[in-house]
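File shown: query02.pdb. Contents: PDB, C-alpha atoms and all ligand atoms.
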ATOM      1  CA  MET A   1      32.953 119.396   0.915
ATOM      2  CA  SER A   2      33.389 115.791   1.757
ATOM      3  CA  TYR A   3      34.514 116.313   5.281
ATOM      4  CA  THR A   4      35.463 112.753   5.776
ATOM      5  CA  GLY A   5      36.837 112.366   9.231
ATOM      6  CA  PRO A   6      36.041 114.735  12.058
ATOM      7  CA  GLU A   7      34.144 117.266   9.999
ATOM      8  CA  PHE A   8      31.655 114.900   8.480
ATOM      9  CA  GLU A   9      28.371 114.969  10.264
ATOM     10  CA  THR A  10      27.047 111.659  11.476
ATOM     11  CA  PRO A  11      24.703 110.421   8.764
ATOM     12  CA  GLN A  12      21.086 110.591   9.715
ATOM     13  CA  PRO A  13      18.368 108.137   8.766
ATOM     14  CA  ARG A  14      17.126 108.729   5.280
ATOM     15  CA  ARG A  15      13.830 110.499   5.168
ATOM     16  CA  PRO A  16      11.295 111.477   2.562
ATOM     17  CA  ARG A  17      12.651 114.574   0.953
ATOM     18  CA  ARG A  18       9.714 116.487  -0.388
ATOM     19  CA  GLY A  19       7.201 116.593   2.407
ATOM     20  CA  PRO A  20       9.387 117.892   5.230
ATOM     21  CA  MET A  21      11.039 120.385   2.915
ATOM     22  CA  THR A  22       7.774 121.966   1.951
ATOM     23  CA  VAL A  23       6.613 122.036   5.542
ATOM     24  CA  ALA A  24       9.825 123.539   6.833
ATOM     25  CA  LEU A  25      10.111 126.176   4.168
ATOM     26  CA  ALA A  26       6.475 127.133   4.309
ATOM     27  CA  ALA A  27       6.417 127.357   8.087
ATOM     28  CA  LEU A  28       9.804 128.801   8.876
ATOM     29  CA  VAL A  29      11.145 130.491   5.828
ATOM     30  CA  PRO A  30       9.173 133.323   4.322
ATOM     31  CA  GLY A  31      12.114 134.268   2.161
ATOM     32  CA  ALA A  32      12.170 130.848   0.602
ATOM     33  CA  LEU A  33       8.462 130.572   0.079
ATOM     34  CA  LEU A  34       8.643 131.830  -3.457
ATOM     35  CA  GLY A  35      11.101 129.089  -4.260
ATOM     36  CA  TRP A  36       8.836 126.528  -2.714
ATOM     37  CA  VAL A  37       5.800 127.752  -4.625
ATOM     38  CA  VAL A  38       7.630 127.609  -7.907
ATOM     39  CA  TYR A  39       9.101 124.255  -6.977
ATOM     40  CA  GLU A  40       5.634 122.878  -6.428
ATOM     41  CA  ALA A  41       4.310 124.549  -9.562
ATOM     42  CA  VAL A  42       6.830 122.813 -11.764
ATOM     43  CA  GLY A  43       6.041 119.447 -10.295
ATOM     44  CA  GLY A  44       8.632 119.109  -7.564
ATOM     45  CA  GLY A  45      12.028 117.546  -7.923
ATOM     46  CA  GLY A  46      11.064 114.506  -9.905
ATOM     47  CA  GLY A  47      11.691 115.790 -13.409
ATOM     48  CA  ASN A  48      14.843 115.996 -15.442
ATOM     49  CA  GLY A  49      15.066 119.752 -15.436
ATOM     50  CA  SER A  50      13.503 120.462 -18.771
ATOM     51  CA  GLY A  51      10.232 121.507 -17.192
ATOM     52  CA  ARG A  52      11.902 123.920 -14.853
ATOM     53  CA  THR A  53      13.744 126.091 -17.222
ATOM     54  CA  ALA A  54      10.507 127.830 -18.050
ATOM     55  CA  SER A  55      10.369 129.182 -14.517
ATOM     56  CA  VAL A  56      13.782 130.804 -14.660
ATOM     57  CA  ALA A  57      15.482 132.883 -17.261
ATOM     58  CA  PRO A  58      17.761 131.006 -19.625
ATOM     59  CA  ALA A  59      21.307 130.736 -18.408
ATOM     60  CA  SER A  60      22.555 132.698 -21.370
ATOM     61  CA  THR A  61      20.588 135.703 -20.205
ATOM     62  CA  HIS A  62      22.797 135.872 -17.156
ATOM     63  CA  SER A  63      26.133 135.186 -18.746
ATOM     64  CA  ALA A  64      26.846 138.565 -20.250
ATOM     65  CA  ALA A  65      30.219 140.001 -19.415
ATOM     66  CA  PRO A  66      30.245 142.054 -16.222
ATOM     67  CA  SER A  67      31.298 145.109 -18.131
ATOM     68  CA  THR A  68      28.005 145.214 -19.958
ATOM     69  CA  ARG A  69      26.072 145.738 -16.720
ATOM     70  CA  SER A  70      22.931 144.904 -18.643
ATOM     71  CA  ALA A  71      19.473 145.449 -17.274
ATOM     72  CA  SER A  72      18.183 142.763 -14.988
ATOM     73  CA  PRO A  73      16.362 139.826 -16.560
ATOM     74  CA  ASP A  74      13.160 141.154 -15.064
ATOM     75  CA  GLY A  75      13.422 144.287 -17.126
ATOM     76  CA  ALA A  76      14.298 146.799 -14.454
ATOM     77  CA  PRO A  77      16.175 148.962 -14.123
ATOM     78  CA  GLY A  78      16.196 149.823 -17.772
ATOM     79  CA  ASP A  79      18.853 151.398 -19.875
ATOM     80  CA  ASP A  80      17.643 154.888 -19.063
ATOM     81  CA  SER A  81      18.228 154.484 -15.355
ATOM     82  CA  LYS A  82      21.616 152.958 -16.024
ATOM     83  CA  ALA A  83      22.599 155.851 -18.205
ATOM     84  CA  ALA A  84      21.441 158.241 -15.532
ATOM     85  CA  GLY A  85      23.667 156.554 -12.971
ATOM     86  CA  THR A  86      20.881 155.023 -10.925
ATOM     87  CA  SER A  87      22.253 152.537  -8.455
ATOM     88  CA  LEU A  88      21.930 148.857  -9.185
ATOM     89  CA  PRO A  89      20.204 146.762  -6.507
ATOM     90  CA  LEU A  90      23.416 145.732  -4.764
ATOM     91  CA  THR A  91      25.445 148.898  -5.218
ATOM     92  CA  GLY A  92      27.490 149.428  -2.083
ATOM     93  CA  LYS A  93      27.121 145.837  -0.920
ATOM     94  CA  VAL A  94      30.138 143.580  -0.426
ATOM     95  CA  VAL A  95      29.831 139.839  -1.006
ATOM     96  CA  VAL A  96      32.634 137.397  -0.255
ATOM     97  CA  ILE A  97      32.649 134.136  -2.187
ATOM     98  CA  ASP A  98      34.725 131.312  -0.761
ATOM     99  CA  PRO A  99      35.326 128.518  -3.280
ATOM    100  CA  GLY A 100      35.909 125.480  -1.088
ATOM    101  CA  HIS A 101      39.283 123.696  -1.075
ATOM    102  CA  ASN A 102      41.989 124.215  -3.713
ATOM    103  CA  GLN A 103      43.273 122.051  -6.543
ATOM    104  CA  GLY A 104      46.764 122.609  -5.151
ATOM    105  CA  ASN A 105      45.848 121.042  -1.826
ATOM    106  CA  PHE A 106      46.471 117.615  -3.324
ATOM    107  CA  GLN A 107      50.159 118.489  -3.656
ATOM    108  CA  HIS A 108      50.476 120.218  -0.278
ATOM    109  CA  ALA A 109      49.432 117.630   2.264
ATOM    110  CA  THR A 110      51.839 118.843   4.920
ATOM    111  CA  GLU A 111      50.654 122.414   4.700
ATOM    112  CA  ILE A 112      46.935 121.713   4.694
ATOM    113  CA  ASN A 113      47.189 119.166   7.502
ATOM    114  CA  ARG A 114      48.683 121.794   9.807
ATOM    115  CA  GLN A 115      46.373 122.480  12.714
ATOM    116  CA  VAL A 116      44.803 125.909  13.056
ATOM    117  CA  ASP A 117      42.793 127.459  15.875
ATOM    118  CA  ILE A 118      39.080 127.697  15.072
ATOM    119  CA  GLY A 119      38.088 129.042  18.468
ATOM    120  CA  THR A 120      36.288 125.990  19.736
ATOM    121  CA  ASN A 121      39.212 123.674  19.025
ATOM    122  CA  ARG A 122      41.979 123.043  16.533
ATOM    123  CA  LYS A 123      41.513 121.518  13.093
ATOM    124  CA  GLU A 124      43.301 120.948   9.824
ATOM    125  CA  CYS A 125      44.102 124.085   7.837
ATOM    126  CA  ASP A 126      42.080 122.726   4.914
ATOM    127  CA  THR A 127      41.215 119.455   3.178
ATOM    128  CA  THR A 128      41.551 118.282  -0.392
ATOM    129  CA  GLY A 129      37.811 118.026  -0.938
ATOM    130  CA  THR A 130      36.197 115.257  -2.903
ATOM    131  CA  SER A 131      35.681 114.500  -6.608
ATOM    132  CA  THR A 132      33.346 112.624  -8.892
ATOM    133  CA  ASN A 133      34.193 109.029  -9.663
ATOM    134  CA  ASP A 134      35.538 110.272 -12.997
ATOM    135  CA  GLY A 135      37.937 112.669 -11.298
ATOM    136  CA  TYR A 136      36.214 116.042 -11.596
ATOM    137  CA  THR A 137      37.377 117.645  -8.392
ATOM    138  CA  GLU A 138      35.340 119.601  -5.902
ATOM    139  CA  ALA A 139      38.008 122.318  -5.985
ATOM    140  CA  ARG A 140      37.430 122.856  -9.715
ATOM    141  CA  PHE A 141      33.675 122.743  -9.274
ATOM    142  CA  THR A 142      33.641 125.328  -6.507
ATOM    143  CA  LEU A 143      35.851 127.747  -8.429
ATOM    144  CA  ASP A 144      33.716 127.456 -11.546
ATOM    145  CA  VAL A 145      30.484 128.119  -9.652
ATOM    146  CA  ALA A 146      32.208 130.988  -7.837
ATOM    147  CA  HIS A 147      33.142 132.642 -11.129
ATOM    148  CA  ARG A 148      29.593 132.334 -12.423
ATOM    149  CA  LEU A 149      28.233 133.667  -9.147
ATOM    150  CA  ARG A 150      30.656 136.599  -9.166
ATOM    151  CA  THR A 151      29.459 137.634 -12.626
ATOM    152  CA  LEU A 152      25.818 137.504 -11.571
ATOM    153  CA  LEU A 153      26.380 139.500  -8.401
ATOM    154  CA  GLU A 154      28.489 142.110 -10.172
ATOM    155  CA  GLN A 155      25.688 142.546 -12.681
ATOM    156  CA  GLN A 156      23.536 143.472  -9.683
ATOM    157  CA  GLY A 157      26.105 146.073  -8.621
ATOM    158  CA  ALA A 158      27.776 144.179  -5.769
ATOM    159  CA  THR A 159      31.445 144.388  -4.929
ATOM    160  CA  VAL A 160      32.603 140.766  -4.966
ATOM    161  CA  LYS A 161      35.754 139.427  -3.347
ATOM    162  CA  MET A 162      36.955 135.833  -3.524
ATOM    163  CA  THR A 163      39.094 133.996  -0.986
ATOM    164  CA  ARG A 164      40.949 132.304  -3.822
ATOM    165  CA  ASP A 165      40.980 132.632  -7.577
ATOM    166  CA  GLY A 166      42.778 130.899 -10.407
ATOM    167  CA  ASP A 167      46.016 129.428  -9.166
ATOM    168  CA  SER A 168      46.377 131.804  -6.231
ATOM    169  CA  PRO A 169      47.173 130.918  -3.568
ATOM    170  CA  ALA A 170      48.907 127.646  -4.460
ATOM    171  CA  TRP A 171      47.056 125.861  -1.645
ATOM    172  CA  GLY A 172      44.464 126.744   0.946
ATOM    173  CA  PRO A 173      43.730 129.318   2.265
ATOM    174  CA  CYS A 174      43.280 127.756   5.682
ATOM    175  CA  VAL A 175      39.764 127.732   7.052
ATOM    176  CA  ASP A 176      40.555 130.393   9.656
ATOM    177  CA  GLU A 177      41.914 132.655   6.929
ATOM    178  CA  ARG A 178      38.826 132.076   4.810
ATOM    179  CA  ALA A 179      36.651 133.252   7.680
ATOM    180  CA  ARG A 180      38.775 136.289   8.467
ATOM    181  CA  PHE A 181      38.811 137.253   4.798
ATOM    182  CA  GLY A 182      35.075 137.910   5.014
ATOM    183  CA  ASN A 183      35.453 139.738   8.309
ATOM    184  CA  ASN A 184      38.207 141.998   7.008
ATOM    185  CA  ALA A 185      36.197 142.752   3.880
ATOM    186  CA  HIS A 186      33.272 143.781   6.104
ATOM    187  CA  ALA A 187      31.161 141.534   3.927
ATOM    188  CA  ASP A 188      27.410 142.042   3.969
ATOM    189  CA  ALA A 189      27.128 138.357   3.076
ATOM    190  CA  ALA A 190      29.612 135.527   2.640
ATOM    191  CA  ILE A 191      29.142 132.080   1.166
ATOM    192  CA  SER A 192      31.402 129.064   1.001
ATOM    193  CA  ILE A 193      30.728 126.813  -1.977
ATOM    194  CA  HIS A 194      31.148 123.051  -1.784
ATOM    195  CA  ALA A 195      29.938 119.712  -3.103
ATOM    196  CA  ASP A 196      29.735 116.670  -0.917
ATOM    197  CA  GLY A 197      31.351 113.252  -1.065
ATOM    198  CA  SER A 198      28.801 110.875   0.380
ATOM    199  CA  ALA A 199      27.651 107.438  -0.766
ATOM    200  CA  GLU A 200      25.941 106.531  -4.055
ATOM    201  CA  GLY A 201      22.226 107.058  -3.576
ATOM    202  CA  ASP A 202      22.761 109.991  -1.238
ATOM    203  CA  ARG A 203      21.449 112.915  -3.226
ATOM    204  CA  GLY A 204      20.538 116.546  -2.961
ATOM    205  CA  PHE A 205      21.842 119.861  -1.711
ATOM    206  CA  HIS A 206      22.044 121.287   1.767
ATOM    207  CA  VAL A 207      22.940 124.648   3.214
ATOM    208  CA  ILE A 208      25.038 124.662   6.380
ATOM    209  CA  LEU A 209      24.115 127.310   8.935
ATOM    210  CA  PRO A 210      26.387 128.390  11.794
ATOM    211  CA  GLY A 211      25.367 127.386  15.282
ATOM    212  CA  ALA A 212      25.910 129.664  18.246
ATOM    213  CA  VAL A 213      29.414 129.283  19.644
ATOM    214  CA  HIS A 214      31.409 131.496  21.979
ATOM    215  CA  ALA A 215      34.853 130.125  22.663
ATOM    216  CA  GLY A 216      38.295 131.550  22.101
ATOM    217  CA  ALA A 217      38.301 133.637  18.934
ATOM    218  CA  ALA A 218      34.917 132.238  17.917
ATOM    219  CA  ASP A 219      31.802 134.233  18.695
ATOM    220  CA  THR A 220      28.957 133.630  16.284
ATOM    221  CA  ARG A 221      26.153 134.809  18.545
ATOM    222  CA  LYS A 222      25.423 137.975  16.576
ATOM    223  CA  MET A 223      25.662 136.411  13.139
ATOM    224  CA  VAL A 224      23.609 133.253  13.719
ATOM    225  CA  GLY A 225      20.292 134.995  13.091
ATOM    226  CA  PRO A 226      21.193 136.828   9.903
ATOM    227  CA  SER A 227      23.084 133.776   8.663
ATOM    228  CA  ARG A 228      19.952 131.667   9.063
ATOM    229  CA  ASP A 229      18.039 134.242   7.058
ATOM    230  CA  LEU A 230      20.715 134.194   4.363
ATOM    231  CA  GLY A 231      20.861 130.405   4.324
ATOM    232  CA  THR A 232      17.139 129.820   4.084
ATOM    233  CA  ARG A 233      16.874 132.275   1.215
ATOM    234  CA  VAL A 234      19.767 130.600  -0.586
ATOM    235  CA  ALA A 235      18.183 127.174  -0.051
ATOM    236  CA  GLY A 236      14.799 128.242  -1.357
ATOM    237  CA  ASN A 237      16.174 129.931  -4.435
ATOM    238  CA  PHE A 238      18.642 127.124  -5.132
ATOM    239  CA  LEU A 239      15.758 124.681  -5.025
ATOM    240  CA  ARG A 240      13.727 126.812  -7.398
ATOM    241  CA  ASP A 241      16.478 127.520  -9.906
ATOM    242  CA  THR A 242      18.084 124.080 -10.074
ATOM    243  CA  GLY A 243      15.305 121.661  -9.149
ATOM    244  CA  GLU A 244      17.928 119.794  -7.142
ATOM    245  CA  PRO A 245      16.143 118.160  -4.201
ATOM    246  CA  PRO A 246      17.147 118.870  -0.614
ATOM    247  CA  SER A 247      19.508 116.295   0.813
ATOM    248  CA  ASN A 248      18.045 112.870   1.514
ATOM    249  CA  TYR A 249      20.868 111.986   3.939
ATOM    250  CA  VAL A 250      21.298 115.024   6.220
ATOM    251  CA  GLY A 251      18.979 117.795   7.346
ATOM    252  CA  LYS A 252      15.829 115.714   7.717
ATOM    253  CA  GLY A 253      14.618 116.789   4.299
ATOM    254  CA  THR A 254      14.815 120.518   5.031
ATOM    255  CA  GLY A 255      17.964 121.219   3.027
ATOM    256  CA  LEU A 256      19.309 122.968   6.121
ATOM    257  CA  VAL A 257      21.914 121.740   8.600
ATOM    258  CA  THR A 258      23.311 123.651  11.572
ATOM    259  CA  ARG A 259      26.900 122.948  12.589
ATOM    260  CA  THR A 260      29.314 124.255  15.191
ATOM    261  CA  ASP A 261      32.423 122.380  14.068
ATOM    262  CA  LEU A 262      33.454 124.370  11.005
ATOM    263  CA  GLY A 263      36.169 126.985  11.374
ATOM    264  CA  GLY A 264      34.966 128.819   8.305
ATOM    265  CA  LEU A 265      31.711 129.538  10.138
ATOM    266  CA  ASN A 266      32.860 129.665  13.761
ATOM    267  CA  LEU A 267      35.346 132.447  13.122
ATOM    268  CA  SER A 268      33.054 134.519  10.919
ATOM    269  CA  THR A 269      31.621 137.721  12.316
ATOM    270  CA  VAL A 270      29.615 138.463   9.174
ATOM    271  CA  PRO A 271      26.547 136.572   7.889
ATOM    272  CA  LYS A 272      27.886 133.416   6.296
ATOM    273  CA  VAL A 273      26.720 129.988   5.183
ATOM    274  CA  PHE A 274      28.098 126.997   3.323
ATOM    275  CA  ILE A 275      26.265 125.284   0.501
ATOM    276  CA  GLU A 276      26.824 121.667  -0.482
ATOM    277  CA  CYS A 277      25.434 121.794  -4.005
ATOM    278  CA  GLY A 278      25.108 118.047  -4.445
ATOM    279  CA  ASN A 279      26.877 114.741  -3.874
ATOM    280  CA  MET A 280      29.777 114.205  -6.252
ATOM    281  CA  ARG A 281      29.855 110.481  -5.482
ATOM    282  CA  ASP A 282      26.277 109.896  -6.600
ATOM    283  CA  SER A 283      25.953 109.206 -10.320
ATOM    284  CA  LYS A 284      22.804 111.277 -10.798
ATOM    285  CA  ASP A 285      24.150 114.253  -8.893
ATOM    286  CA  ALA A 286      27.530 113.914 -10.599
ATOM    287  CA  ALA A 287      25.864 114.217 -14.002
ATOM    288  CA  LEU A 288      24.458 117.568 -12.886
ATOM    289  CA  LEU A 289      27.564 118.862 -11.143
ATOM    290  CA  THR A 290      29.690 118.216 -14.252
ATOM    291  CA  SER A 291      27.287 120.147 -16.488
ATOM    292  CA  GLY A 292      28.180 123.759 -17.172
ATOM    293  CA  ALA A 293      24.533 124.589 -17.823
ATOM    294  CA  TRP A 294      23.565 123.159 -14.450
ATOM    295  CA  ARG A 295      26.379 125.013 -12.682
ATOM    296  CA  GLN A 296      24.991 128.204 -14.187
ATOM    297  CA  ARG A 297      21.614 127.429 -12.654
ATOM    298  CA  ALA A 298      23.323 126.662  -9.358
ATOM    299  CA  ALA A 299      25.069 130.023  -9.433
ATOM    300  CA  GLN A 300      21.785 131.701 -10.314
ATOM    301  CA  GLY A 301      20.060 130.099  -7.345
ATOM    302  CA  ILE A 302      22.799 131.164  -4.955
ATOM    303  CA  SER A 303      22.809 134.663  -6.425
ATOM    304  CA  ASP A 304      19.041 134.991  -6.138
ATOM    305  CA  GLY A 305      19.248 133.950  -2.493
ATOM    306  CA  ILE A 306      21.963 136.481  -1.718
ATOM    307  CA  VAL A 307      20.146 139.253  -3.565
ATOM    308  CA  SER A 308      16.962 138.450  -1.641
ATOM    309  CA  PHE A 309      18.859 138.577   1.651
ATOM    310  CA  LEU A 310      20.667 141.824   0.902
ATOM    311  CA  ARG A 311      17.527 143.548  -0.321
ATOM    312  CA  GLY A 312      15.483 142.229   2.583
ATOM    313  CA  SER A 313      12.574 141.512   0.340
TER     314      SER A 313
HETATM  315 ZN    ZN B   1      34.003 120.713   0.545
END
In structure tokens, how does this file's structure come out?
Amino acid sequence: MSYTGPEFETPQPRRPRRGPMTVALAALVPGALLGWVVYEAVGGGGGNGSGRTASVAPASTHSAAPSTRSASPDGAPGDDSKAAGTSLPLTGKVVVIDPGHNQGNFQHATEINRQVDIGTNRKECDTTGTSTNDGYTEARFTLDVAHRLRTLLEQQGATVKMTRDGDSPAWGPCVDERARFGNNAHADAAISIHADGSAEGDRGFHVILPGAVHAGAADTRKMVGPSRDLGTRVAGNFLRDTGEPPSNYVGKGTGLVTRTDLGGLNLSTVPKVFIECGNMRDSKDAALLTSGAWRQRAAQGISDGIVSFLRGS
């Protein structure tokens, strides 16, 4: 998200990224263990991705139009159950996808700099987000991943709602509105998609979990636990499906960061996390983030995490 300024967490000392991640996921995150096992099986994060595709279904398998509602890549449920009206795994579940920032924010500085109440304090309505050095914006990236994710979740039977889509709204929404969107939708899970804007050499993804806050309109105490479950499952599956390493500059190698300064989390009453898919200002990460095939894997990882959370398996 490139929260330069008050939202950017103080950089932490760089740490080895593989060891702590495996320890943390193995010890604390049963839901992510599968991702860790597969991650280890394919040789960790050191490859170029070609060795990993064998562990996940090809992206094209998942890119069928939503209307086809094809059988899952694992082969179940089959066509017979579909014809008989058998529920898909996420039938009845509501997922809110929040594509971070907005391309229009660049032309609406006054509007997005307006302060809004996030419970704990006041902050800017929204920020422009970052971009790669070649000008591929975070706002475009997040919307593209959101569209891919929506298709995958709809194929699983979920009802998907997005806080913004296409050119609407022209800017924003503000962070408080993004949070309330999920609340009003009674979302079973909500995720805000971002990519970071840190220094060259800073690599990897991290999932941002809400910390416990109770101030003003913010009360996350009941959603902290389920959000941690959601976030750890997303992290583990994202790791497995993309091979992207956990961040080497925040999170102490776990791929997980807890924050209490984000309105989009503080004002949420439903399970919600952010994911920073990579660092747009790092050349290696930028090469991935600008690849449609990689964004499909990113969406698959996020989808697998959400499906795991909603199925409780
Ligand atoms: Zn962002």
Residues within 10 Å of ligand ZN 1 (chain B) should be enumerated using all atoms listed in the file and returned as a CSV table (one decimal) with C-alpha atoms, in the coordinates of the input.
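Result saved to result.csv:
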chain,number,residue,atom,x,y,z
A,1,MET,CA,33.0,119.4,0.9
A,2,SER,CA,33.4,115.8,1.8
A,3,TYR,CA,34.5,116.3,5.3
A,4,THR,CA,35.5,112.8,5.8
A,99,PRO,CA,35.3,128.5,-3.3
A,100,GLY,CA,35.9,125.5,-1.1
A,101,HIS,CA,39.3,123.7,-1.1
A,102,ASN,CA,42.0,124.2,-3.7
A,126,ASP,CA,42.1,122.7,4.9
A,127,THR,CA,41.2,119.5,3.2
A,128,THR,CA,41.6,118.3,-0.4
A,129,GLY,CA,37.8,118.0,-0.9
A,130,THR,CA,36.2,115.3,-2.9
A,131,SER,CA,35.7,114.5,-6.6
A,138,GLU,CA,35.3,119.6,-5.9
A,139,ALA,CA,38.0,122.3,-6.0
A,142,THR,CA,33.6,125.3,-6.5
A,192,SER,CA,31.4,129.1,1.0
A,193,ILE,CA,30.7,126.8,-2.0
A,194,HIS,CA,31.1,123.1,-1.8
A,195,ALA,CA,29.9,119.7,-3.1
A,196,ASP,CA,29.7,116.7,-0.9
A,197,GLY,CA,31.4,113.3,-1.1
A,274,PHE,CA,28.1,127.0,3.3
A,275,ILE,CA,26.3,125.3,0.5
A,276,GLU,CA,26.8,121.7,-0.5
A,277,CYS,CA,25.4,121.8,-4.0
Polymer residues at most 9 Å from Pro173 (chain A), only C-alpha atoms, same-chain spacing of 2 or more positions, as a PDB file with C-alpha atoms, in the frame of the given file:
ATOM      1  CA  HIS A 101      39.283 123.696  -1.075  1.00  0.00           C
ATOM      2  CA  ASN A 102      41.989 124.215  -3.713  1.00  0.00           C
ATOM      3  CA  ILE A 112      46.935 121.713   4.694  1.00  0.00           C
ATOM      4  CA  CYS A 125      44.102 124.085   7.837  1.00  0.00           C
ATOM      5  CA  ASP A 126      42.080 122.726   4.914  1.00  0.00           C
ATOM      6  CA  THR A 163      39.094 133.996  -0.986  1.00  0.00           C
ATOM      7  CA  ARG A 164      40.949 132.304  -3.822  1.00  0.00           C
ATOM      8  CA  PRO A 169      47.173 130.918  -3.568  1.00  0.00           C
ATOM      9  CA  ALA A 170      48.907 127.646  -4.460  1.00  0.00           C
ATOM     10  CA  TRP A 171      47.056 125.861  -1.645  1.00  0.00           C
ATOM     11  CA  VAL A 175      39.764 127.732   7.052  1.00  0.00           C
ATOM     12  CA  ASP A 176      40.555 130.393   9.656  1.00  0.00           C
ATOM     13  CA  GLU A 177      41.914 132.655   6.929  1.00  0.00           C
ATOM     14  CA  ARG A 178      38.826 132.076   4.810  1.00  0.00           C
TER      15      ARG A 178
END
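If you measure from each of A:Arg180, A:Arg281, A:His147, A:Arg240 to Asp304 (chain A) using all atoms listed in the file, the closest one turns out to be A:Arg240.
Taking all atoms listed in the file into account, Asp202 (chain A) lies nearest to A:Asn248 out of the set A:Ser227, A:Asn248, A:Thr86, A:Ser313.
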* Might you pull out every residue within 8 Å of Pro271 (chain A), with only C-alpha atoms counted and same-chain residues fewer than 4 positions away left off, and present them as a VMD selection string? => chain A and resid 187 to 190 223 to 224 226 to 227 230
Given only C-alpha atoms, how would the per-residue table for region 167-252 of chain A near region 283-299 of chain A read, listing every residue at most 9 Å away with its closest atom pair and distance in Å to one decimal, sorted by chain and number, as CSV?
residue,atom,partner,partner_atom,distance
A:Ala195,CA,A:Leu289,CA,8.4
A:Glu200,CA,A:Ser283,CA,6.8
A:Gly201,CA,A:Ser283,CA,8.0
A:Asp202,CA,A:Asp285,CA,8.9
A:Arg203,CA,A:Asp285,CA,6.4
A:Gly204,CA,A:Asp285,CA,7.3
A:Phe238,CA,A:Ala298,CA,6.3
A:Leu239,CA,A:Ala298,CA,8.9
A:Asp241,CA,A:Arg297,CA,5.8
A:Thr242,CA,A:Arg297,CA,5.5
A:Glu244,CA,A:Asp285,CA,8.5
* To do: Kindly indicate which residue among A:Lys272, A:Arg114, A:Lys252, A:Arg233 lies nearest to Thr220 (chain A), using all atoms listed in the file for the distances.
  => A:Lys272
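Comparing A:Ala212, A:Ala199, A:Ala217, A:Ala235 by their smallest distance to Tyr249 (chain A), the closest is A:Ala199 (using all atoms listed in the file).
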Kindly assemble as CSV a list of the region 83-126 of chain A residues that lie within 12 Å of region 148-160 of chain A, each paired with its nearest atom pair and their distance in Å to one decimal, using all atoms listed in the file, sorted first by chain and then by ascending residue number.
residue,atom,partner,partner_atom,distance
A:Gly85,CA,A:Gly157,CA,11.6
A:Thr86,CA,A:Gly157,CA,10.6
A:Ser87,CA,A:Gly157,CA,7.5
A:Leu88,CA,A:Gly157,CA,5.0
A:Pro89,CA,A:Gln156,CA,5.7
A:Leu90,CA,A:Gly157,CA,4.7
A:Thr91,CA,A:Gly157,CA,4.5
A:Gly92,CA,A:Ala158,CA,6.4
A:Lys93,CA,A:Ala158,CA,5.2
A:Val94,CA,A:Thr159,CA,4.8
A:Val95,CA,A:Val160,CA,4.9
A:Val96,CA,A:Val160,CA,5.8
A:Ile97,CA,A:Val160,CA,7.2
A:Asp98,CA,A:Val160,CA,10.6
A:Pro99,CA,A:Leu149,CA,10.5
* Go through A:Ala179, A:Val213, A:Met162, A:Ala109 and flag the residue nearest Val270 (chain A), using only C-alpha atoms for the distances. => A:Ala179
* Please indicate the distance in Å from CA of Gly312 (chain A) to CA of Asn237 (chain A), rounded to one decimal place. =>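 A separation of 14.2 Å between them.
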* Apply the PyMOL selection byres (((chain A and resi 261) around 12) and not hetatm) to the displayed file and report the matching residues as an MDAnalysis selection string. => chainID A and resid 3 5:9 117:124 175 208:213 215 218 220 257:260 262:267
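Closest approach to Gln107 (chain A) from the set A:Gly236, A:Asn183, A:Gly231, A:Gly172 is made by A:Gly172, with distances taken over all atoms listed in the file.
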* Could you work out how far CA of Asp282 (chain A) lies from CA of Ser247 (chain A), giving the answer in Å with one decimal? ->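 Result for CA of Ser247 (chain A) versus CA of Asp282 (chain A): 11.9 Å, one decimal.
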* For CA of Gly104 (chain A) and CA of Phe141 (chain A), determine how far apart the two atoms are, in Å to one decimal place. =>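 So the two atoms, CA of Gly104 (chain A) and CA of Phe141 (chain A), lie 13.7 Å apart.
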